[in-house]
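Chemist: So that we are looking at the same thing, I have put the structure below in structure tokens.
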Amino acid sequence: VQPWLSGCFGMVPCAPLQTELCEVDVSECQQVHPGESCDLFCKAPYFKGGTSVATCPAGNTDSAQQLTWSPPECSFDCPPPNWREGYEWTSKGWQCAKGYTGEVELDCSLGDNCEVVRAVLTGCQEVLRCARLRIPKELDCSTDVSDCASVASGSSCTISCKPP
């Protein structure tokens with residue numbers, strides 16, 4: 001009588017990690033052996049953040065076994081937009097250039113594969129001089145508006161009576 005062994009299976013790597021999270025780089029997790037782990041990263045250059053770990057269970061014998069993992073915390077870093085008149089880059093970030101006013105907003109849109117579809121600056125408006133003050137003809141000979149010929153935005157002028 002010859003001894004017969006049964007119930008033993010060869011250990012195999014877990015299934016390659018796949019995710020719909022386009023910001024996570026899973027390239028190191030394509031062949032993880034039982035009891036081993038791999039690192040997950042935020043996908044450069046537009047995502048920044050930490051790393052996390054994916055692990056294949058020790059003694060794994062199922063090639064369809066999924067890795068145990070949680071995604072790293074990634075933040076989106078919008079690329080520099082096309083520069084537009086009225087905006088300037090400073091050590092504090094984007095701001096309205098001299099002669100412009102408003103609150104700068106950087107609008108970034110991502111496509112399905114995390115590609116930047118749009119990076120646009122908005123929010124700054126050119127500061128214009130006020131229109132010349134026009135008064136009714138019947139007040140023209142009694143009202144002095146010469147101080148109001150060219151008034152900057154946010155400034156004021158004085159209207160006075162002409163001497164008789």
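We label chains A, B, ... in the order they appear in the structure tokens, count residues from 1 in each chain, and number ligands from 1 in the order shown.
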Can you pull out every residue from range 5-132 of chain A that DSSP, working from the backbone, puts in strand (DSSP E), and format the result as a ChimeraX atom specification?

Modeler: /A:24-25,37-42,47-49,51-55,68-69,74-76,87-90,93-96,100-110,116-126

Chemist: Show which residues sit within 8 Å of range 62-68 of chain A, as a PyMOL selection string. Count only C-alpha atoms, and ignore same-chain residues fewer than 5 positions away.

Modeler: chain A and resi 11-17+54-57

Chemist: Within 12 Å of range 116-129 of chain A, which residues of range 29-60 of chain A show up? Give each one with its shortest atom-to-atom distance in Å (one decimal) and the two atoms involved, counting only C-alpha atoms, rows by chain then rising residue number, as JSON lines.

Modeler:
{"residue": "A:Pro45", "atom": "CA", "partner": "A:Val116", "partner_atom": "CA", "distance": 10.7}
{"residue": "A:Tyr46", "atom": "CA", "partner": "A:Val116", "partner_atom": "CA", "distance": 8.5}
{"residue": "A:Phe47", "atom": "CA", "partner": "A:Val116", "partner_atom": "CA", "distance": 11.2}

Chemist: Only all heavy atoms, please: the residues just picked out, written as a short mmCIF file (atom, residue, chain, number, x, y, z; two decimals), in the first residue's frame.

Modeler:
data_model
loop_
_atom_site.label_atom_id
_atom_site.label_comp_id
_atom_site.auth_asym_id
_atom_site.auth_seq_id
_atom_site.Cartn_x
_atom_site.Cartn_y
_atom_site.Cartn_z
N PRO A 45 1.17 63.61 -12.17
CA PRO A 45 1.66 64.77 -11.43
C PRO A 45 0.56 65.58 -10.75
O PRO A 45 0.83 66.49 -10.01
CB PRO A 45 2.31 65.62 -12.54
CG PRO A 45 1.44 65.37 -13.73
CD PRO A 45 1.01 63.92 -13.60
N TYR A 46 -0.72 65.26 -11.01
CA TYR A 46 -1.79 66.12 -10.51
C TYR A 46 -2.36 65.72 -9.17
O TYR A 46 -3.13 66.45 -8.57
CB TYR A 46 -2.91 66.22 -11.55
CG TYR A 46 -2.41 66.70 -12.88
CD1 TYR A 46 -2.66 66.01 -14.04
CD2 TYR A 46 -1.64 67.86 -12.97
CE1 TYR A 46 -2.19 66.46 -15.26
CE2 TYR A 46 -1.16 68.31 -14.17
CZ TYR A 46 -1.44 67.61 -15.32
OH TYR A 46 -0.96 68.06 -16.52
N PHE A 47 -1.99 64.53 -8.69
CA PHE A 47 -2.48 64.10 -7.39
C PHE A 47 -1.31 63.97 -6.44
O PHE A 47 -0.26 63.42 -6.79
CB PHE A 47 -3.23 62.76 -7.50
CG PHE A 47 -4.52 62.90 -8.23
CD1 PHE A 47 -4.59 62.66 -9.60
CD2 PHE A 47 -5.66 63.31 -7.58
CE1 PHE A 47 -5.78 62.81 -10.28
CE2 PHE A 47 -6.85 63.46 -8.25
CZ PHE A 47 -6.91 63.21 -9.62
#

Chemist: Quick one: DSSP alpha helix (DSSP H) residues in chain A, as an MDAnalysis selection string?

Modeler: chainID A and resid 137:140

Chemist: Give me the residues near Glu20 in chain A as an NGL selection string, where near means some atom within 10 Å (using only C-alpha atoms) and where sequence neighbours in that chain fewer than 4 positions away do not count.

Modeler: :A and (24 or 112-113)

Chemist: Between A:Val104, A:Leu40, A:Cys161, A:Ala149, which residue has the minimum interatomic distance to Pro72 in chain A, considering only C-alpha atoms?

Modeler: A:Leu40

Chemist: Hey, what's within 9 Å of Ser146 in chain A if we count only C-alpha atoms and toss same-chain stuff fewer than 6 positions away? As a list in words, please?

Modeler: Cys157, Thr158 and Ile159 of chain A

Chemist: Find the spatial neighbours of Ala131 in chain A, counting only C-alpha atoms, within a cut-off of 8 Å - ignore same-chain residues fewer than 2 positions away - and output them as JSON, numbers by chain.

Modeler: {"A": [129, 133, 150, 151]}

Chemist: Tell me, in Å to one decimal, how far CA of Lys48 in chain A is from CA of Phe76 in chain A.

Modeler: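 Atom-to-atom, CA of Lys48 in chain A to CA of Phe76 in chain A, that is 6.5 Å.
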
Chemist: Set the distance at 8 Å and use only C-alpha atoms: which residues neighbour Glu73 in chain A once local chain neighbours fewer than 3 positions away are removed? I'd like the list as a ChimeraX atom specification.

Modeler: /A:42,49-51

Chemist: Which of these residues is nearest to Ala97 in chain A, using only C-alpha atoms: A:Glu85, A:Pro3, A:Asp25, A:Ala58?

Modeler: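 The shortest atom-to-atom distance to Ala97 in chain A comes from A:Glu85.
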